Amino acid sequence: MPETLPNPSPKVSDEVKQTTCYMCACRCGIDVHLRDGRVRYIQGNRKHPVNRGVLCAKGSTGMLHLEAPSRLNSPLLRTGERGEGKFKSISWDEALSIATGWLGEVRSEDPRKLAFFTGRDQSQSLTGWWAQQYGTPNHAAHGGFCSVNMAAGGIYSIGGSFWEFGQPDWEECKLVMLFGVAEDHDSNPIKMGLSAVRRNGGKIISVNPVRTGYSAVADTWIGINPGTDGLLVLSIIGELLRSGCIDVDSLRYHTNAPWLVNLSEGPEKGLIIRDDQDNPMVVDSQNGKLVSHMDPNAQPLLSKTITTPEGQEIATVFSLMVEKYLQPEFLPANVSEKTGVPASIIEGLARELYQVAIEHSDEINHSWRDIYGREHKTIKKRPVALHAMRGISAHSNGFQSCRALHLLQILLGTIDTPGGTRYKPPYPKPYNIHPSPARYAGPDTPLSGSPLGYPKGPEDLLIEPDGTPQRIDKAYSWEAPLAAHGMMHSVISNAAAEDPYPIEVLFLYMANMAWNSSMNTPSAMNDLKAKDQDGNYKIPKIIVSDAFSSEMTSFADLVLPDTTYFERYDGISLLDRPIGEPDLVADAIRYPVVEVTRNVRPFQDVLLELGGRLKLPGFVDEINEPKWKNYAHYLATHERKKGVGPLAGWRGKKGDVSGKGEPNPGQIDKYIENGSFWSAEIPERALYLKNVNQDYQEWAMNMGFYDSPNPFKLEIYSETLRKFQLAGEGHGPNQPPEELRTRIAEAFDPFPSWYPPGNISEEDFPYSAITQRPMAMYHSWGSFNPWLRQIHSENRLFVPESICQKENLKEDDWVWVESPTNRIRVQIKPMKAVNSNTLWTWNAIGKRSGAWNLSPNSPETTKGFLLNHLISELLPVQPDGMRWANSDPITGQAAWYDLKVRIKKAKAGEEGIYPEFKPQHEPPDSRRRPSTLQYGKEWTE
Amino acid sequence: MTSLPKSTDRKLGLVIDLDVCVGCHACVTNCKAWNTSGYGAPLADESPYGHDPSGVWLNRIHSFETEQNNMSALVHFPKSCLHCDDAPCVTVCPTGASYKRVSDGIVLVDESKCMGCGLCAWACPYGAREMDPVAGVMKKCTLCVDRIYNENLPEEDREPACVRTCPTNARFFGDLSDPDSEVSQLVARRESADLMPEQETSPVNQYLLPIERYGTDELASPDFNLASLASRKSGGILSWVDNLLNGN
């Protein structure tokens with residue numbers, strides 16, 4: 001028969017433009033194939049350091065994000081009641097005048113009455129700087145409910161963290177352990193990495209109550225009880241210490257293990273012994289003398305406990321650590337029941353980690369110089385890498401659990417070694433070179449620095465003399481002293497309760513606080529529309545900027561419609577959330593690859609314009625005229641300090657300087673020519689052990705990451721935590737209120753510790769309930785994308801078979817799930833590969849009817865649900881009548897995963913999702929939803 | 001009825017490594033994005049924003065629970081047309097629309113001849129063909145026939161979209177009739193399988209089976225125990241650790 005041959009070389013596109021994806025937070029490079037000014041096809045950029053050509057399910061469907069009917073089309077002013085979604089379209093001039101009026105009034109009266117919070121923002125160095133210049137301390141992005149425990153736990157321990165500040169050395173590691181890593185950050189690099197590890201013959205061990213996604217390809221899956229990872233890790237640490245299976249050299253010279261702790265009773269108990277230059281001291285084994293830890297000739301002792309001639313009792317961090325973790329409470333047999341992990345497995349994990357990291361590892365040729373000035377010809381491979389995410393962070397013990405993970409890495413000597421978990425520039429940056437959070441300075445006055453930072457002790461808390469929190473979210477108060485990312489999840493409830501004070505304007509960017517980004521969603525919705533006795537809203541004005549019609553936009557008074565990521569400039573900056581790799585430093589941009597066809601503006605342009613209209617310092621020039629034409633202009637020419645701006649590539653007048661140099665007005669064009677990213681390799685000698693590598697320190701300084709070299713020791717023992725603990729114990733001028741004293745003293749253990757998460761009665765609520773993130777969705781995004789929603793348009797509650805038997809449940813049954821806060825009715829699916837006491841579902845599939853321009857009876861509404869309804873922002877009442885935030889007591893991280901529930905079969909006839917919410921209206925100028933879609937029809941052959 | 005070629009010059013196909021597939025759906029959506037604006041009718045979606053979204057896909061992932069090393073596990077199984085040598089979808093076609101190419105073995109549908117009767121989908125034991133609800137023609141994987149020879153693409157991109165995009169590098173494309181090709185070598189080296197051999201379709205696509213896992217059993221039954229080292233350090237960790245400085 002004749003063989004019909006289709007055209008072997010059909011036209012692909014008119015042109016290909018390279019920019020950066022924003023279908024999740026991964027920030028992959030993309031090649032956008034354009035035809036007729038529209039997006040025909042998107043593929044990964046092969047040269048991009050993040051994704052090296054690959055692209056995930058989300059990124060591949062960006063064209064339907066760009067053309068979604070749920071896009072907002074013009075500025076909107078509310079005409080109905082809050083939450084109804086009734087608006088009228090207004091002009092940009094009117095919208096900006098209204099916003100400027102509201103914001104200007106507040107600034108001259110009391111800038112704290114503006115709460116400006118952003119969601120999955122990738123322009124935090126701009127938004128933070130705007131808040132600083134405006135003068136409100138009430139600013140943060142979404143880190144407080146996302147992963148501040150990982151960031152803060154990492155920064156205070158190793159000056160880096162998982163994901164954005166560090167990652168496994170995928171090509172060299174032989175054993176990867178994942179803790180609580182759902183199918184998310186960072187998406188493509190983890191998938192590429194896991195595949196590389198398996199192909200190289202390495203092993204993957206996944207610790208996660210649920211075996212999906214990445215866990216599915218793991219060699220070993222440990223279905224741990226939620227919230228007990230820290231205890232498991234401390235038990236492994238006990239095993240390693242008991243048997244001396246640790247990297248002693250690394251501990252001696254790269255960590256604070258030999259530092260000396262004051263044991264004498266009094267206000268200095270537990271603080272580090274320092275010389276008169278404030279350098280921590282160690283005992284030199286050669287002469288028994290106390291010398292600076294930076295003394296190049298010292299051989300520090302690890303084991304010592306001594307009494308000084310002055311009668312001061314002191315001990316090394318190492319000896320105190322051994323004493324702590326050899327306690328019987330950490331023996332595998334004694335943690336087995338709590339963690340759900342058999343003792344033999346814990347012992348096996350310790351053995352495996354030791355064998356791969358130390359016993360079977362090589363020393364390889366590699367020249368480098370340490371901070372003591374010693375030249376080295378070799379370096380030890382330590383091919384064990386850990387990676388951890390929300391399963392650690394979203395518990396109220398997450399900060400300390402994260403510290404425990406870093407301690408495990410430190411003991412094995414795997415931090416920033418070949419094969420270990422490696423820093424990504426501009427990290428490492430130890431906590432003490434990060435700024436402390438800046439204080440409120442008064443009306444019409446900028447803050448002296450960033451509203452967010454890392455406190456060094458109780459003196460850095462943002463509290464009034466009587467202890468009242470200065471921030472609306474109570475971050476950096478005694479309720480959450482190290483809340484380095486703020487506490488976005490507390491803003492709405494605190495504002496509605498006027499606790500600690502009322503606010504005037506709530507300004508949200510890209511944060512779906514009326515739905516999947518709030519704990520106790522029904523309560524958050526009520527707070528947003530709560531009125532006082534005069535009928536006025538308790539939160540008087542709400543401005544929302546977003547590109548899409550979300551649950552949150554329906555509660556706005558004023559909507560400032562944003563563009564999509566194809567239509568605007570963006571900067572993925574080293575000042576913000578970097579995209580470096582272990583071997584290179586990198587940053588990136590987005591630029592408009594298609595024209596905007598709606599009456600919408602990039603949020604960053606709008607923020608710069610508002611800054612100009614408000615005459616904020618830095619946003620106007622010497623004659624008080626707006627300084628920035630648009631965000632691209634700002635990206636290329638703004639200097640945060642001399643020579644350091646948002647983008648590090650092609651600086652200097654000629655564009656030939658990397659890192660630090662004069663602004664280059666042609667910088668953006670250079671980025672576009674290079675595929676929208678810039679990268680520079682770290683010099684060979686500077687690649688490893690960066691915290692104690694002199695070559696790295698000097699390179700980093702020259703690149704502008706540091707003002708001066710900042711070598712530091714990995715902190716097994718945190719003196720900062722001890723300072724807060726001392727305050728809890730009754731020392732010092734800044735002490736916690738009586739009711740928080742014990743909690744502070746217990747939680748702020750200077751060594752990594754473990755305490756049970758939450759305080760819910762297991763008798764009444766025996767099961768844990770958690771979410772996992774589907775790989776094809778990113779939070780609430782995705783449901784308005786017809787291709788992605790065909791993968792997940794509804795979610796079931798996955799129930800372990802053992803619970804199904806006990807509760808007499810079968811597939812498709814409707815059940816009631818009850819927490820101390822609320823109850824929901826959902827449909828179940830039995831599952832085996834899950835911890836036997838844990839129920840779970842996919843995150844953020846459920847939608848409010850009418851949101852996102854989906855049909856009101858879409859499965860996201862009729863069969864999709866959120867667990868958020870069950871999670872309170874407050875814990876149940878304590879015996880003393882207090883209600884604590886459902887957060888980590890150290891960082892204020894929202895403790896989503898502490899949720900405990902009970903489950904029972906719904907009665908016959910009880911069917912359908914509960915609770916149901918009144919549908920919201922679609923914006924007045926919404927596009928009609930097509931009944932069929934044939935994307936790309938005009939380009940087919 | 002349509003006849004199959006006695007043999008094909010090449011056997012282009014996919015090798016899919018189940019050992020590393022995490023079920024992320026990158027291949028699924030990237031395939032759809034390329035093909036909806038590529039060869040033949042677009043891949044239509046009905047009720048795209050409505051109560052019952054459903055559309056045509058040339059590649060889908062099926063996930064199911066199984067056991068590995070006495071442990072519950074989840075297997076992700078991507079499935080598209082296997083470009084069988086004995087393709088029942090071709091022989092059943094009443095119009096000659098379904099055919100297998102002699103030059104490279106790709107099974108294609110000539111949409112100008114397809115009358116949408118659906119017999120081929122019924123005949124395919126893998127469920128790899130889907131009827132387009134709008135165009136009324138049968139859609140199936142073309143192995144990106146409009147990419148692999150396309151001179152408008154750089155040479156390195158002349159491979160199926162699913163292969164190019166896969167984040168775990170679980171998908172390989174090549175000539176399975178050439179014993180020296182990367183795909184043939186992979187199949188030779190790894191344990192691989194025809195899908196449903198009892199159907200006697202001689203599929204060209206091959207699946208590489210998951211490699212034996214190092215499970216919890218191995219972890220829990222050591223050849224040696226750290227406790228044995230602890231007893232060696234009879235003076236305890238603290239005296240041992242500083243004795244190291246003296247070379248002891």
# chains A, B, ... in the order shown; residues from 1 in each chain; ligands from 1

call {"tool": "select_by_dssp", "arguments": {"residues": "region 30-92 of chain B", "states": "helix (DSSP H, G or I)", "output": "PDB file with N, CA and C atoms, in the first residue's frame"}}
result
ATOM      1  N   ASN B  30       3.771  17.755  28.011  1.00  0.00           N
ATOM      2  CA  ASN B  30       4.624  18.280  26.955  1.00  0.00           C
ATOM      3  C   ASN B  30       4.248  17.664  25.610  1.00  0.00           C
ATOM      4  N   CYS B  31       3.893  16.388  25.632  1.00  0.00           N
ATOM      5  CA  CYS B  31       3.396  15.697  24.440  1.00  0.00           C
ATOM      6  C   CYS B  31       2.153  16.391  23.910  1.00  0.00           C
ATOM      7  N   LYS B  32       1.246  16.668  24.821  1.00  0.00           N
ATOM      8  CA  LYS B  32      -0.010  17.287  24.381  1.00  0.00           C
ATOM      9  C   LYS B  32       0.251  18.669  23.791  1.00  0.00           C
ATOM     10  N   ALA B  33       1.133  19.432  24.465  1.00  0.00           N
ATOM     11  CA  ALA B  33       1.406  20.788  24.000  1.00  0.00           C
ATOM     12  C   ALA B  33       2.032  20.775  22.605  1.00  0.00           C
ATOM     13  N   TRP B  34       2.954  19.842  22.381  1.00  0.00           N
ATOM     14  CA  TRP B  34       3.558  19.778  21.043  1.00  0.00           C
ATOM     15  C   TRP B  34       2.541  19.324  20.004  1.00  0.00           C
ATOM     16  N   ASN B  35       1.835  18.262  20.324  1.00  0.00           N
ATOM     17  CA  ASN B  35       1.028  17.611  19.295  1.00  0.00           C
ATOM     18  C   ASN B  35      -0.290  18.298  18.995  1.00  0.00           C
ATOM     19  N   THR B  36      -0.803  19.076  19.967  1.00  0.00           N
ATOM     20  CA  THR B  36      -2.079  19.739  19.686  1.00  0.00           C
ATOM     21  C   THR B  36      -1.915  20.793  18.591  1.00  0.00           C
ATOM     22  N   PRO B  88      -2.547  -4.790  15.701  1.00  0.00           N
ATOM     23  CA  PRO B  88      -3.932  -5.136  15.356  1.00  0.00           C
ATOM     24  C   PRO B  88      -4.758  -3.918  14.964  1.00  0.00           C
ATOM     25  N   CYS B  89      -4.317  -2.731  15.384  1.00  0.00           N
ATOM     26  CA  CYS B  89      -5.057  -1.511  15.039  1.00  0.00           C
ATOM     27  C   CYS B  89      -4.954  -1.218  13.547  1.00  0.00           C
ATOM     28  N   VAL B  90      -3.884  -1.683  12.933  1.00  0.00           N
ATOM     29  CA  VAL B  90      -3.712  -1.455  11.489  1.00  0.00           C
ATOM     30  C   VAL B  90      -4.550  -2.445  10.698  1.00  0.00           C
ATOM     31  N   THR B  91      -4.411  -3.708  11.064  1.00  0.00           N
ATOM     32  CA  THR B  91      -5.098  -4.725  10.244  1.00  0.00           C
ATOM     33  C   THR B  91      -6.615  -4.595  10.335  1.00  0.00           C
TER      34      THR B  91
END

call {"tool": "select_by_dssp", "arguments": {"residues": "region 809-890 of chain A", "states": "strand (DSSP E)", "output": "JSON, numbers by chain"}}
result
{"A": [814, 815, 816, 817, 818, 823, 824, 825, 826, 827, 828, 829, 830, 831, 838, 839, 840, 841, 842]}

call {"tool": "write_last_selection", "arguments": {"atoms": "N, CA and C atoms", "output": "tab-separated table (two decimals), in the first residue's frame"}}
result
chain	number	residue	atom	x	y	z
A	814	TRP	N	-18.29	8.18	51.73
A	814	TRP	CA	-18.18	9.54	52.29
A	814	TRP	C	-17.92	9.40	53.79
A	815	VAL	N	-17.01	10.22	54.27
A	815	VAL	CA	-16.67	10.17	55.70
A	815	VAL	C	-16.68	11.57	56.29
A	816	TRP	N	-16.88	11.61	57.60
A	816	TRP	CA	-16.66	12.85	58.34
A	816	TRP	C	-15.25	12.80	58.92
A	817	VAL	N	-14.52	13.86	58.72
A	817	VAL	CA	-13.20	13.99	59.35
A	817	VAL	C	-13.29	15.16	60.31
A	818	GLU	N	-12.98	14.89	61.56
A	818	GLU	CA	-13.18	15.92	62.58
A	818	GLU	C	-11.87	16.23	63.30
A	823	ARG	N	-15.13	20.30	61.10
A	823	ARG	CA	-15.27	18.99	60.47
A	823	ARG	C	-15.51	19.17	58.97
A	824	ILE	N	-15.10	18.16	58.22
A	824	ILE	CA	-15.33	18.18	56.78
A	824	ILE	C	-15.91	16.82	56.37
A	825	ARG	N	-16.65	16.83	55.26
A	825	ARG	CA	-17.15	15.56	54.73
A	825	ARG	C	-16.54	15.37	53.34
A	826	VAL	N	-15.89	14.25	53.17
A	826	VAL	CA	-15.13	14.01	51.94
A	826	VAL	C	-15.25	12.54	51.55
A	827	GLN	N	-14.76	12.24	50.37
A	827	GLN	CA	-14.82	10.87	49.87
A	827	GLN	C	-13.43	10.23	49.98
A	828	ILE	N	-13.40	8.92	50.24
A	828	ILE	CA	-12.10	8.29	50.52
A	828	ILE	C	-11.64	7.33	49.42
A	829	LYS	N	-10.36	7.02	49.50
A	829	LYS	CA	-9.76	5.96	48.70
A	829	LYS	C	-8.77	5.23	49.60
A	830	PRO	N	-8.92	3.91	49.73
A	830	PRO	CA	-7.98	3.16	50.56
A	830	PRO	C	-6.59	3.13	49.93
A	831	MET	N	-5.58	3.02	50.76
A	831	MET	CA	-4.21	3.00	50.26
A	831	MET	C	-3.34	2.20	51.22
A	838	THR	N	-1.95	7.62	59.44
A	838	THR	CA	-1.95	8.90	58.74
A	838	THR	C	-2.92	8.90	57.56
A	839	LEU	N	-3.77	9.91	57.52
A	839	LEU	CA	-4.65	10.15	56.37
A	839	LEU	C	-3.99	11.27	55.56
A	840	TRP	N	-4.20	11.23	54.27
A	840	TRP	CA	-3.60	12.34	53.50
A	840	TRP	C	-4.41	12.62	52.27
A	841	THR	N	-4.15	13.82	51.69
A	841	THR	CA	-4.77	14.18	50.42
A	841	THR	C	-3.86	15.15	49.70
A	842	TRP	N	-4.20	15.43	48.41
A	842	TRP	CA	-3.43	16.41	47.65
A	842	TRP	C	-3.80	17.81	48.10

call {"tool": "closest_residue", "arguments": {"among": "A:Pro69, A:Gly85, A:Gly288, A:Gly202", "to": "Gly419 (chain A)", "atoms": "only C-alpha atoms"}}
result
A:Gly202

call {"tool": "residues_around", "arguments": {"residues": "region 643-646 of chain A", "least_positions_apart": "2", "cutoff": "6 Å", "atoms": "only C-alpha atoms", "output": "list of chain:residue names"}}
result
A:Ser573, A:Leu635, A:His638, A:Glu639, A:Arg640, A:Lys641, A:Lys660, A:Gly661, A:Glu662

call {"tool": "residues_around", "arguments": {"residues": "Tyr214 (chain A)", "least_positions_apart": "3", "cutoff": "9 Å", "atoms": "only C-alpha atoms", "output": "mmCIF file with C-alpha atoms, in the first residue's frame"}}
result
data_model
loop_
_atom_site.group_PDB
_atom_site.id
_atom_site.type_symbol
_atom_site.label_atom_id
_atom_site.label_comp_id
_atom_site.auth_asym_id
_atom_site.auth_seq_id
_atom_site.Cartn_x
_atom_site.Cartn_y
_atom_site.Cartn_z
ATOM 1 C CA LEU A 178 14.957 12.631 51.802
ATOM 2 C CA VAL A 181 9.989 15.885 50.684
ATOM 3 C CA ALA A 182 6.699 15.935 48.862
ATOM 4 C CA GLU A 183 6.683 16.275 45.129
ATOM 5 C CA ILE A 190 15.322 16.849 42.457
ATOM 6 C CA LYS A 191 13.890 14.648 39.711
ATOM 7 C CA LEU A 194 17.312 11.264 41.933
ATOM 8 C CA SER A 206 12.906 8.401 51.782
ATOM 9 C CA ARG A 211 4.990 6.852 49.576
ATOM 10 C CA VAL A 217 11.607 5.405 43.329
ATOM 11 C CA ALA A 218 13.434 5.246 46.666
ATOM 12 C CA CYS B 21 9.805 7.257 36.600
ATOM 13 C CA VAL B 22 8.287 9.337 39.412
ATOM 14 C CA GLY B 23 4.955 9.857 37.658
#

call {"tool": "closest_residue", "arguments": {"among": "B:Gly236, B:Pro210, B:Gly55, B:Gly215", "to": "Pro133 (chain B)", "atoms": "only C-alpha atoms"}}
result
B:Gly55

call {"tool": "residues_around", "arguments": {"residues": "His731 (chain A)", "least_positions_apart": "6", "cutoff": "10 Å", "atoms": "only C-alpha atoms", "output": "PyMOL selection string"}}
result
chain A and resi 266-269+723-725

call {"tool": "residues_around", "arguments": {"residues": "Asp444 (chain A)", "least_positions_apart": "3", "cutoff": "8 Å", "atoms": "only C-alpha atoms", "output": "VMD selection string"}}
result
chain A and resid 107 to 109 111 134 to 135

call {"tool": "residues_around", "arguments": {"residues": "region 346-360 of chain A", "least_positions_apart": "4", "cutoff": "6 Å", "atoms": "only C-alpha atoms", "output": "ChimeraX atom specification"}}
result
/A:236,382-384 /B:219-220,226

call {"tool": "closest_residue", "arguments": {"among": "A:Ile98, A:Ala441, A:Val54, A:Val335", "to": "chain B", "atoms": "only C-alpha atoms"}}
result
A:Val54

call {"tool": "atom_distance", "arguments": {"atom1": "CA of Tyr914 (chain A)", "atom2": "CA of Lys863 (chain A)"}}
result
9.6 Å

call {"tool": "atom_distance", "arguments": {"atom1": "CA of Arg147 (chain B)", "atom2": "CA of Gln790 (chain A)"}}
result
25.6 Å

call {"tool": "closest_residue", "arguments": {"among": "B:Ser239, B:Asn70, B:Thr29, B:Thr8", "to": "Leu64 (chain A)", "atoms": "only C-alpha atoms"}}
result
B:Thr29

call {"tool": "atom_distance", "arguments": {"atom1": "CA of Pro209 (chain A)", "atom2": "CA of Met775 (chain A)"}}
result
17.2 Å

call {"tool": "closest_residue", "arguments": {"among": "A:Glu459, A:Gly453, A:Asp473, A:Gly223", "to": "Lys832 (chain A)", "atoms": "only C-alpha atoms"}}
result
A:Gly223

call {"tool": "closest_residue", "arguments": {"among": "A:Pro711, A:Gly881, A:Gly704, A:Pro930", "to": "Ser658 (chain A)", "atoms": "only C-alpha atoms"}}
result
A:Gly704
